[in-house]
file work32.cif (mmCIF, C-alpha atoms)
data_final
loop_
_atom_site.label_atom_id
_atom_site.label_comp_id
_atom_site.auth_asym_id
_atom_site.auth_seq_id
_atom_site.Cartn_x
_atom_site.Cartn_y
_atom_site.Cartn_z
CA MET N 1 69.42 114.22 109.22
CA ILE N 2 69.41 112.71 105.72
CA PRO N 3 71.54 114.37 103.00
CA ALA N 4 69.87 115.98 99.99
CA ALA N 5 69.68 113.86 96.84
CA PHE N 6 72.83 113.62 94.71
CA ASP N 7 74.25 111.69 91.77
CA TYR N 8 77.18 109.37 92.51
CA HIS N 9 80.24 109.01 90.25
CA ALA N 10 83.21 106.64 90.71
CA PRO N 11 86.00 107.45 88.23
CA THR N 12 88.92 105.04 87.97
CA SER N 13 91.60 107.50 86.82
CA VAL N 14 92.73 111.03 87.59
CA PRO N 15 91.88 112.25 84.04
CA ASP N 16 88.36 110.84 84.39
CA ALA N 17 87.90 112.59 87.74
CA ILE N 18 89.16 115.88 86.30
CA LYS N 19 86.83 115.52 83.32
CA LEU N 20 83.88 115.06 85.65
CA LEU N 21 84.90 118.10 87.70
CA ALA N 22 85.15 120.20 84.54
CA GLU N 23 81.77 119.02 83.26
CA LEU N 24 79.87 119.29 86.54
CA GLY N 25 81.49 122.47 87.87
CA GLY N 26 80.41 123.85 91.22
CA ASP N 27 77.62 121.28 91.57
CA ALA N 28 80.19 118.54 92.29
CA LYS N 29 82.21 117.63 95.37
CA ILE N 30 85.10 115.19 95.73
CA LEU N 31 84.59 112.30 98.17
CA ALA N 32 87.84 111.07 99.72
CA GLY N 33 87.52 109.63 103.24
CA GLY N 34 84.24 111.49 103.75
CA HIS N 35 84.75 112.42 107.38
CA SER N 36 84.64 116.15 106.68
CA LEU N 37 82.16 116.28 103.80
CA LEU N 38 79.54 113.71 104.83
CA PRO N 39 78.72 115.28 108.23
CA MET N 40 78.19 118.61 106.46
CA MET N 41 75.92 116.90 103.93
CA LYS N 42 73.90 115.26 106.69
CA LEU N 43 73.34 118.68 108.27
CA ARG N 44 72.68 120.09 104.77
CA PHE N 45 75.41 122.67 105.19
CA ALA N 46 76.72 121.16 101.93
CA GLN N 47 74.30 120.00 99.22
CA PRO N 48 76.31 118.91 96.17
CA ALA N 49 74.26 117.66 93.24
CA HIS N 50 77.11 115.29 92.32
CA LEU N 51 79.53 113.30 94.48
CA ILE N 52 82.76 112.15 92.81
CA ASP N 53 84.25 109.22 94.74
CA ILE N 54 88.02 108.97 94.07
CA ASN N 55 88.63 105.88 96.20
CA ARG N 56 88.89 103.66 93.11
CA ILE N 57 91.73 105.63 91.50
CA PRO N 58 95.07 103.77 91.71
CA GLY N 59 98.19 105.78 92.41
CA LEU N 60 96.58 108.33 94.74
CA ARG N 61 97.62 106.35 97.81
CA GLY N 62 101.02 105.52 99.26
CA ILE N 63 104.21 107.00 100.68
CA ARG N 64 107.52 107.02 98.84
CA GLU N 65 110.78 108.93 98.48
CA ASP N 66 111.40 110.68 95.17
CA GLY N 67 114.04 113.22 94.19
CA GLY N 68 115.05 113.91 97.78
CA GLN N 69 111.45 114.51 98.89
CA ILE N 70 108.86 112.43 100.70
CA VAL N 71 105.80 112.05 98.46
CA ILE N 72 102.46 111.19 100.04
CA GLY N 73 99.46 110.32 97.87
CA ALA N 74 96.42 112.43 98.70
CA MET N 75 94.28 109.34 99.41
CA THR N 76 96.71 107.96 102.00
CA VAL N 77 94.79 107.39 105.24
CA GLU N 78 95.88 108.40 108.72
CA ASN N 79 96.72 104.86 109.86
CA GLU N 80 99.08 104.49 106.89
CA LEU N 81 100.89 107.63 108.04
CA ILE N 82 101.18 106.15 111.53
CA ALA N 83 102.49 102.80 110.26
CA SER N 84 104.96 104.19 107.71
CA ALA N 85 108.57 103.32 108.56
CA LEU N 86 109.72 105.96 106.07
CA LEU N 87 107.80 108.71 107.85
CA GLN N 88 108.87 107.50 111.28
CA GLN N 89 112.48 107.80 110.15
CA LYS N 90 112.38 110.97 108.04
CA LEU N 91 109.23 112.95 108.97
CA PRO N 92 108.25 111.73 112.44
CA LEU N 93 105.97 114.72 113.07
CA LEU N 94 103.34 113.27 110.71
CA PRO N 95 102.85 109.83 112.33
CA GLU N 96 102.99 111.40 115.78
CA ALA N 97 100.33 113.97 114.87
CA ALA N 98 98.15 111.41 113.07
CA ARG N 99 97.84 109.45 116.32
CA GLN N 100 96.08 112.49 117.79
CA ILE N 101 93.46 112.67 115.03
CA ALA N 102 89.98 111.38 115.88
CA ASP N 103 89.81 107.64 116.66
CA PRO N 104 90.96 104.36 115.03
CA GLN N 105 87.82 103.99 112.90
CA VAL N 106 88.19 107.48 111.46
CA ARG N 107 91.94 107.01 110.96
CA ASN N 108 91.18 103.93 108.82
CA ARG N 109 89.17 106.06 106.36
CA GLY N 110 90.18 109.70 106.76
CA THR N 111 92.77 110.84 104.20
CA ILE N 112 95.54 113.41 104.41
CA GLY N 113 94.48 114.96 101.10
CA GLY N 114 90.85 115.28 102.07
CA ASP N 115 91.82 116.85 105.38
CA ILE N 116 93.92 119.47 103.58
CA ALA N 117 91.65 120.15 100.60
CA HIS N 118 88.54 120.67 102.73
CA GLY N 119 90.03 123.86 104.17
CA ASP N 120 88.48 123.44 107.62
CA PRO N 121 90.42 125.44 110.26
CA GLY N 122 89.66 122.66 112.77
CA ASN N 123 91.42 119.99 110.68
CA ASP N 124 94.94 119.05 111.73
CA HIS N 125 96.83 118.60 108.47
CA PRO N 126 96.59 122.21 107.24
CA ALA N 127 98.72 123.46 110.16
CA LEU N 128 101.03 120.46 109.83
CA ALA N 129 101.49 121.23 106.12
CA LEU N 130 102.39 124.83 106.98
CA ALA N 131 104.87 123.81 109.66
CA LEU N 132 106.46 121.25 107.34
CA ASP N 133 106.69 123.72 104.43
CA ALA N 134 104.84 121.22 102.27
CA THR N 135 104.21 121.53 98.55
CA LEU N 136 100.77 120.50 97.33
CA VAL N 137 100.45 119.05 93.82
CA LEU N 138 97.20 119.93 92.02
CA GLU N 139 95.99 118.48 88.73
CA GLY N 140 93.32 119.89 86.44
CA PRO N 141 92.38 120.27 82.76
CA ASN N 142 95.26 122.71 82.29
CA GLY N 143 97.82 120.27 83.66
CA ARG N 144 99.72 119.89 86.89
CA ARG N 145 100.89 122.65 89.23
CA SER N 146 102.63 122.81 92.59
CA VAL N 147 101.49 125.20 95.32
CA ALA N 148 103.32 125.93 98.57
CA ALA N 149 101.17 125.27 101.64
CA ASP N 150 101.78 128.91 102.63
CA ARG N 151 99.73 129.97 99.58
CA PHE N 152 97.07 127.26 99.65
CA PHE N 153 94.72 128.21 102.50
CA HIS N 154 92.59 131.30 101.85
CA GLY N 155 89.87 131.08 104.51
CA THR N 156 87.28 128.77 106.02
CA TYR N 157 86.58 126.08 103.39
CA MET N 158 88.42 128.23 100.83
CA THR N 159 91.68 127.09 99.26
CA GLU N 160 93.80 127.56 96.15
CA LEU N 161 92.22 124.40 94.69
CA ALA N 162 90.06 125.31 91.68
CA GLU N 163 86.67 123.67 91.11
CA ASP N 164 88.10 121.56 88.30
CA GLU N 165 91.29 120.53 90.10
CA LEU N 166 92.24 117.57 92.25
CA LEU N 167 94.86 117.44 95.02
CA THR N 168 96.98 114.39 94.11
CA GLU N 169 100.20 114.57 96.18
CA ILE N 170 101.83 116.20 99.17
CA ARG N 171 105.61 116.69 98.88
CA ILE N 172 107.80 117.43 101.90
CA ALA N 173 111.56 117.59 102.41
CA PRO N 174 112.77 115.06 105.01
CA PHE N 175 114.03 116.41 108.31
CA ALA N 176 117.68 117.22 108.73
CA SER N 177 119.34 115.28 111.54
CA ASP N 178 119.21 118.20 114.00
CA THR N 179 115.49 118.98 113.56
CA GLY N 180 113.06 119.14 116.46
CA TRP N 181 109.32 118.79 116.04
CA ALA N 182 106.06 118.71 117.97
CA TYR N 183 102.29 118.92 117.58
CA GLU N 184 100.45 119.92 120.74
CA LYS N 185 96.67 119.74 120.62
CA LEU N 186 94.00 120.49 123.21
CA LYS N 187 90.67 118.74 122.70
CA ARG N 188 87.69 118.01 124.91
CA LYS N 189 87.58 114.26 124.27
CA THR N 190 88.89 111.55 121.96
CA GLY N 191 87.59 112.09 118.45
CA ASP N 192 86.92 115.81 118.84
CA TRP N 193 88.43 118.59 116.77
CA ALA N 194 91.09 120.72 118.41
CA THR N 195 90.08 123.50 120.75
CA ALA N 196 93.55 124.82 119.88
CA GLY N 197 96.66 123.28 118.38
CA ALA N 198 100.23 124.23 117.51
CA ALA N 199 102.72 122.54 115.20
CA VAL N 200 106.41 123.41 115.47
CA VAL N 201 109.41 122.42 113.34
CA MET N 202 112.73 123.93 114.41
CA ARG N 203 116.50 123.66 114.28
CA MET N 204 119.01 124.84 116.87
CA ALA N 205 122.65 125.83 116.35
CA ALA N 206 125.11 126.64 119.12
CA GLY N 207 122.27 126.74 121.63
CA LYS N 208 120.19 129.25 119.65
CA VAL N 209 117.22 128.97 117.32
CA ALA N 210 118.48 128.74 113.74
CA SER N 211 115.10 128.21 112.07
CA VAL N 212 111.53 127.66 113.22
CA ARG N 213 108.06 127.34 111.75
CA ILE N 214 105.01 127.64 114.02
CA ALA N 215 101.52 126.88 112.68
CA LEU N 216 98.19 127.05 114.50
CA THR N 217 95.07 124.85 114.30
CA ASN N 218 91.52 126.17 114.84
CA LEU N 219 92.70 129.59 116.00
CA ALA N 220 91.71 131.62 112.94
CA PRO N 221 89.40 131.27 109.89
CA THR N 222 92.07 129.00 108.44
CA ALA N 223 95.31 127.40 109.59
CA ILE N 224 97.92 130.14 110.01
CA ARG N 225 101.60 130.60 110.74
CA ALA N 226 102.69 132.69 113.70
CA THR N 227 105.38 134.46 111.70
CA GLY N 228 105.96 137.17 114.30
CA ALA N 229 106.70 134.54 116.91
CA GLU N 230 109.03 132.75 114.48
CA GLN N 231 110.99 135.91 113.72
CA ALA N 232 111.30 136.80 117.40
CA LEU N 233 112.93 133.44 118.18
CA ILE N 234 115.60 133.43 115.47
CA GLY N 235 119.08 133.81 116.92
CA LYS N 236 117.92 133.50 120.52
CA ALA N 237 118.37 130.88 123.19
CA LEU N 238 115.06 129.14 123.82
CA ASP N 239 114.78 130.16 127.46
CA ALA N 240 111.60 130.82 129.44
CA ALA N 241 111.48 134.48 128.45
CA ALA N 242 111.84 133.73 124.73
CA ILE N 243 109.10 131.12 124.92
CA GLU N 244 106.75 133.51 126.74
CA ASP N 245 107.42 136.23 124.15
CA ALA N 246 106.77 133.81 121.29
CA ALA N 247 103.51 132.67 122.88
CA ALA N 248 102.36 136.27 123.30
CA LEU N 249 103.10 137.00 119.63
CA ALA N 250 101.23 133.86 118.62
CA ARG N 251 98.22 134.88 120.69
CA ALA N 252 98.25 138.26 118.95
CA VAL N 253 97.46 136.69 115.55
CA CYS N 254 94.73 134.38 116.85
CA ASP N 255 91.17 135.04 115.69
CA PRO N 256 89.21 131.94 116.70
CA ALA N 257 85.47 131.45 116.37
CA GLU N 258 83.51 131.08 119.58
CA ASP N 259 81.78 127.70 119.88
CA LEU N 260 81.05 124.92 122.36
CA ARG N 261 84.81 124.40 122.82
CA GLY N 262 85.25 127.86 124.30
CA ASP N 263 85.00 131.57 123.81
CA VAL N 264 87.54 133.70 121.97
CA ALA N 265 89.58 134.57 125.08
CA TYR N 266 89.83 130.95 126.23
CA LYS N 267 90.77 129.59 122.82
CA THR N 268 93.36 132.32 122.34
CA ALA N 269 94.91 131.62 125.74
CA MET N 270 95.02 127.90 124.98
CA GLY N 271 96.65 128.67 121.64
CA GLY N 272 99.48 130.38 123.48
CA GLU N 273 99.80 127.45 125.85
CA MET N 274 99.98 124.95 122.96
CA VAL N 275 102.74 127.05 121.37
CA LYS N 276 104.76 126.97 124.58
CA ARG N 277 104.37 123.21 124.95
CA ALA N 278 105.24 122.59 121.31
CA LEU N 279 108.34 124.79 121.45
CA ARG N 280 109.63 123.04 124.55
CA LYS N 281 109.06 119.58 123.11
CA ALA N 282 110.58 120.47 119.73
CA ALA N 283 113.65 121.96 121.41
CA SER N 284 114.12 118.81 123.48
CA ARG N 285 114.34 116.81 120.25
CA CYS N 286 116.96 118.94 118.50
CA ALA N 287 120.10 116.84 118.30
#

call {"tool": "encode", "arguments": {"input": "work32.cif", "output": "structure tokens"}}
result
Amino acid sequence: MIPAAFDYHAPTSVPDAIKLLAELGGDAKILAGGHSLLPMMKLRFAQPAHLIDINRIPGLRGIREDGGQIVIGAMTVENELIASALLQQKLPLLPEAARQIADPQVRNRGTIGGDIAHGDPGNDHPALALALDATLVLEGPNGRRSVAADRFFHGTYMTELAEDELLTEIRIAPFASDTGWAYEKLKRKTGDWATAGAAVVMRMAAGKVASVRIALTNLAPTAIRATGAEQALIGKALDAAAIEDAAALARAVCDPAEDLRGDVAYKTAMGGEMVKRALRKAASRCA
């Protein structure tokens, strides 16, 4: 299907993009990589009157270390995450997870910021941002503000991002040396969204779980943390019983939508299985 008619804008600075957002209001949409928005426009699920292409804005792309944090520009594409030596050394969950996203063509265009800002529960980076305790930097006419990933996702296609704001950076603390990580994702075929996914970041001390964050992909109206499962694991050895209990608590918070990938019961069961796999893999990587 052909998208509805729209006006195209290509600002060359963040202030110019913000000005356009303020002037055009709810009739405008940001175009980053386009792999979430354009399919919706072709199906006419989204019909923006104005498209603001931010690909020509310098400074929105790249990966660097600043003030003890890893800073990722919102327009950084998946293949740049995969190739980054800094991420491989200090946040290896991100390049590992990016390899599981779509296919090489999509990874050359799809951006981390677009994936997060779109608010699609089937996208991978929302759950990764939750597991990594990321901070999202938003800029608008009232200035710059930082929002924890835990407070960013409100529902399907609904986020903390205001109509006149732009996501510019993702900030994440590098892993401590004894951190384990994993992203386990079930999908029907290469390039498909997750049927269910689980991201885990954890630390062990004296053979017991010292800290853990578990986040779920496509198992609720938005990416969510399985906080009950996290709390149940703290202070325990990660044996088979603890893993089963954590998976059961994760399943209890699942509320997936039924679609061609499976019904609610199947998706929920697979969510529990992804949690178990991710916990085991993360634990195996704790130094």

call {"tool": "atom_distance", "arguments": {"input": "work32.cif", "atom1": "CA of Arg99 (chain N)", "atom2": "CA of Arg188 (chain N)"}}
result
15.8 Å

call {"tool": "atom_distance", "arguments": {"input": "work32.cif", "atom1": "CA of Lys236 (chain N)", "atom2": "CA of Arg277 (chain N)"}}
result
17.6 Å

call {"tool": "residues_around", "arguments": {"input": "work32.cif", "residues": "region 240-242 of chain N", "least_positions_apart": "4", "cutoff": "12 Å", "atoms": "all atoms listed in the file", "output": "JSON, numbers by chain"}}
result
{"N": [208, 209, 229, 230, 231, 232, 233, 234, 235, 236, 246, 247, 248, 249, 275, 276, 277, 279, 280]}

call {"tool": "write_last_selection", "arguments": {"input": "work32.cif", "atoms": "C-alpha atoms", "output": "PDB file, keeping the file's coordinate frame"}}
result
ATOM      1  CA  LYS N 208     120.190 129.250 119.650  1.00  0.00           C
ATOM      2  CA  VAL N 209     117.220 128.970 117.320  1.00  0.00           C
ATOM      3  CA  ALA N 229     106.700 134.540 116.910  1.00  0.00           C
ATOM      4  CA  GLU N 230     109.030 132.750 114.480  1.00  0.00           C
ATOM      5  CA  GLN N 231     110.990 135.910 113.720  1.00  0.00           C
ATOM      6  CA  ALA N 232     111.300 136.800 117.400  1.00  0.00           C
ATOM      7  CA  LEU N 233     112.930 133.440 118.180  1.00  0.00           C
ATOM      8  CA  ILE N 234     115.600 133.430 115.470  1.00  0.00           C
ATOM      9  CA  GLY N 235     119.080 133.810 116.920  1.00  0.00           C
ATOM     10  CA  LYS N 236     117.920 133.500 120.520  1.00  0.00           C
ATOM     11  CA  ALA N 246     106.770 133.810 121.290  1.00  0.00           C
ATOM     12  CA  ALA N 247     103.510 132.670 122.880  1.00  0.00           C
ATOM     13  CA  ALA N 248     102.360 136.270 123.300  1.00  0.00           C
ATOM     14  CA  LEU N 249     103.100 137.000 119.630  1.00  0.00           C
ATOM     15  CA  VAL N 275     102.740 127.050 121.370  1.00  0.00           C
ATOM     16  CA  LYS N 276     104.760 126.970 124.580  1.00  0.00           C
ATOM     17  CA  ARG N 277     104.370 123.210 124.950  1.00  0.00           C
ATOM     18  CA  LEU N 279     108.340 124.790 121.450  1.00  0.00           C
ATOM     19  CA  ARG N 280     109.630 123.040 124.550  1.00  0.00           C
TER      20      ARG N 280
END

call {"tool": "resolve_selection", "arguments": {"input": "work32.cif", "expression": "the PyMOL selection byres ((chain N and resi 16) around 12)", "output": "CSV table (one decimal) with C-alpha atoms, keeping the file's coordinate frame"}}
result
chain,number,residue,atom,x,y,z
N,9,HIS,CA,80.2,109.0,90.2
N,10,ALA,CA,83.2,106.6,90.7
N,11,PRO,CA,86.0,107.4,88.2
N,12,THR,CA,88.9,105.0,88.0
N,13,SER,CA,91.6,107.5,86.8
N,14,VAL,CA,92.7,111.0,87.6
N,15,PRO,CA,91.9,112.2,84.0
N,17,ALA,CA,87.9,112.6,87.7
N,18,ILE,CA,89.2,115.9,86.3
N,19,LYS,CA,86.8,115.5,83.3
N,20,LEU,CA,83.9,115.1,85.6
N,21,LEU,CA,84.9,118.1,87.7
N,22,ALA,CA,85.2,120.2,84.5
N,23,GLU,CA,81.8,119.0,83.3
N,52,ILE,CA,82.8,112.2,92.8
N,53,ASP,CA,84.2,109.2,94.7
N,54,ILE,CA,88.0,109.0,94.1
N,56,ARG,CA,88.9,103.7,93.1
N,57,ILE,CA,91.7,105.6,91.5
N,139,GLU,CA,96.0,118.5,88.7
N,140,GLY,CA,93.3,119.9,86.4
N,141,PRO,CA,92.4,120.3,82.8
N,164,ASP,CA,88.1,121.6,88.3
N,165,GLU,CA,91.3,120.5,90.1
N,166,LEU,CA,92.2,117.6,92.2

call {"tool": "atom_distance", "arguments": {"input": "work32.cif", "atom1": "CA of Ala250 (chain N)", "atom2": "CA of Ala148 (chain N)"}}
result
21.7 Å

call {"tool": "closest_residue", "arguments": {"input": "work32.cif", "among": "N:Ala226, N:Ala85, N:Ala117, N:Ala102", "to": "Lys185 (chain N)", "atoms": "all atoms listed in the file"}}
result
N:Ala102

call {"tool": "resolve_selection", "arguments": {"input": "work32.cif", "expression": "the PyMOL selection byres ((chain N and resi 40) around 12)", "output": "list of chain:residue names"}}
result
N:Met1, N:Ile2, N:Pro3, N:Ala4, N:Lys29, N:Gly34, N:His35, N:Ser36, N:Leu37, N:Leu38, N:Pro39, N:Met41, N:Lys42, N:Leu43, N:Arg44, N:Phe45, N:Ala46, N:Gln47, N:Pro48, N:His118, N:Asp120, N:Tyr157

call {"tool": "write_last_selection", "arguments": {"input": "work32.cif", "atoms": "C-alpha atoms", "output": "PDB file, in the coordinates of the input"}}
result
ATOM      1  CA  MET N   1      69.420 114.220 109.220  1.00  0.00           C
ATOM      2  CA  ILE N   2      69.410 112.710 105.720  1.00  0.00           C
ATOM      3  CA  PRO N   3      71.540 114.370 103.000  1.00  0.00           C
ATOM      4  CA  ALA N   4      69.870 115.980  99.990  1.00  0.00           C
ATOM      5  CA  LYS N  29      82.210 117.630  95.370  1.00  0.00           C
ATOM      6  CA  GLY N  34      84.240 111.490 103.750  1.00  0.00           C
ATOM      7  CA  HIS N  35      84.750 112.420 107.380  1.00  0.00           C
ATOM      8  CA  SER N  36      84.640 116.150 106.680  1.00  0.00           C
ATOM      9  CA  LEU N  37      82.160 116.280 103.800  1.00  0.00           C
ATOM     10  CA  LEU N  38      79.540 113.710 104.830  1.00  0.00           C
ATOM     11  CA  PRO N  39      78.720 115.280 108.230  1.00  0.00           C
ATOM     12  CA  MET N  41      75.920 116.900 103.930  1.00  0.00           C
ATOM     13  CA  LYS N  42      73.900 115.260 106.690  1.00  0.00           C
ATOM     14  CA  LEU N  43      73.340 118.680 108.270  1.00  0.00           C
ATOM     15  CA  ARG N  44      72.680 120.090 104.770  1.00  0.00           C
ATOM     16  CA  PHE N  45      75.410 122.670 105.190  1.00  0.00           C
ATOM     17  CA  ALA N  46      76.720 121.160 101.930  1.00  0.00           C
ATOM     18  CA  GLN N  47      74.300 120.000  99.220  1.00  0.00           C
ATOM     19  CA  PRO N  48      76.310 118.910  96.170  1.00  0.00           C
ATOM     20  CA  HIS N 118      88.540 120.670 102.730  1.00  0.00           C
ATOM     21  CA  ASP N 120      88.480 123.440 107.620  1.00  0.00           C
ATOM     22  CA  TYR N 157      86.580 126.080 103.390  1.00  0.00           C
TER      23      TYR N 157
END

call {"tool": "closest_residue", "arguments": {"input": "work32.cif", "among": "N:Val71, N:Leu128, N:Met274, N:Met202", "to": "Gly180 (chain N)", "atoms": "all atoms listed in the file"}}
result
N:Met202

call {"tool": "closest_atom_pairs", "arguments": {"input": "work32.cif", "of": "region 90-139 of chain N", "to": "region 212-217 of chain N", "cutoff": "8 Å", "atoms": "only C-alpha atoms", "output": "Markdown table"}}
result
| residue | atom | partner | partner_atom | distance |
| --- | --- | --- | --- | --- |
| N:Pro121 | CA | N:Thr217 | CA | 6.2 |
| N:Gly122 | CA | N:Thr217 | CA | 6.0 |
| N:Asn123 | CA | N:Thr217 | CA | 7.1 |
| N:Asp124 | CA | N:Thr217 | CA | 6.3 |
| N:Pro126 | CA | N:Thr217 | CA | 7.7 |
| N:Ala127 | CA | N:Ala215 | CA | 5.1 |
| N:Leu128 | CA | N:Ala215 | CA | 7.0 |
| N:Leu130 | CA | N:Ala215 | CA | 6.1 |
| N:Ala131 | CA | N:Arg213 | CA | 5.2 |
| N:Leu132 | CA | N:Arg213 | CA | 7.7 |

call {"tool": "closest_residue", "arguments": {"input": "work32.cif", "among": "N:Asn55, N:Thr222, N:Ser146, N:Ser211", "to": "Trp181 (chain N)", "atoms": "all atoms listed in the file"}}
result
N:Ser211

call {"tool": "closest_residue", "arguments": {"input": "work32.cif", "among": "N:Asp133, N:Asp239, N:Asp66, N:Glu78", "to": "Ile112 (chain N)", "atoms": "all atoms listed in the file"}}
result
N:Glu78

call {"tool": "closest_residue", "arguments": {"input": "work32.cif", "among": "N:Leu31, N:Ala134, N:Leu51, N:Cys286", "to": "Thr111 (chain N)", "atoms": "all atoms listed in the file"}}
result
N:Leu31

call {"tool": "resolve_selection", "arguments": {"input": "work32.cif", "expression": "the PyMOL selection byres ((chain N and resi 182) around 8)", "output": "MDAnalysis selection string"}}
result
chainID N and resid 93 180:181 183:184 199:201 278:279 281:282

call {"tool": "axis_aligned_box", "arguments": {"input": "work32.cif", "around": "region 62-70 of chain N", "padding_each_side": "4 Å", "output": "lines of an AutoDock Vina configuration file"}}
result
center_x = 108.0
center_y = 110.0
center_z = 97.4
size_x = 22.0
size_y = 17.0
size_z = 14.5

call {"tool": "closest_residue", "arguments": {"input": "work32.cif", "among": "N:Ile63, N:Leu186, N:Ala237, N:Leu219", "to": "Ile170 (chain N)", "atoms": "all atoms listed in the file"}}
result
N:Ile63

call {"tool": "residues_near_point", "arguments": {"input": "work32.cif", "point": "(114.6, 111.7, 94.7)", "cutoff": "12 Å", "atoms": "all atoms listed in the file", "output": "list in words"}}
result
Arg64, Glu65, Asp66, Gly67, Gly68, Gln69, Ile70, Val71, Arg171, Ile172, Ala173 and Pro174 of chain N

call {"tool": "residues_near_point", "arguments": {"input": "work32.cif", "point": "(87.7, 118.7, 117.0)", "cutoff": "9 Å", "atoms": "all atoms listed in the file", "output": "ChimeraX atom specification"}}
result
/N:101-102,122-124,187-196,218,261

call {"tool": "write_last_selection", "arguments": {"input": "work32.cif", "atoms": "C-alpha atoms", "output": "tab-separated table (two decimals), keeping the file's coordinate frame"}}
result
chain	number	residue	atom	x	y	z
N	101	ILE	CA	93.46	112.67	115.03
N	102	ALA	CA	89.98	111.38	115.88
N	122	GLY	CA	89.66	122.66	112.77
N	123	ASN	CA	91.42	119.99	110.68
N	124	ASP	CA	94.94	119.05	111.73
N	187	LYS	CA	90.67	118.74	122.70
N	188	ARG	CA	87.69	118.01	124.91
N	189	LYS	CA	87.58	114.26	124.27
N	190	THR	CA	88.89	111.55	121.96
N	191	GLY	CA	87.59	112.09	118.45
N	192	ASP	CA	86.92	115.81	118.84
N	193	TRP	CA	88.43	118.59	116.77
N	194	ALA	CA	91.09	120.72	118.41
N	195	THR	CA	90.08	123.50	120.75
N	196	ALA	CA	93.55	124.82	119.88
N	218	ASN	CA	91.52	126.17	114.84
N	261	ARG	CA	84.81	124.40	122.82
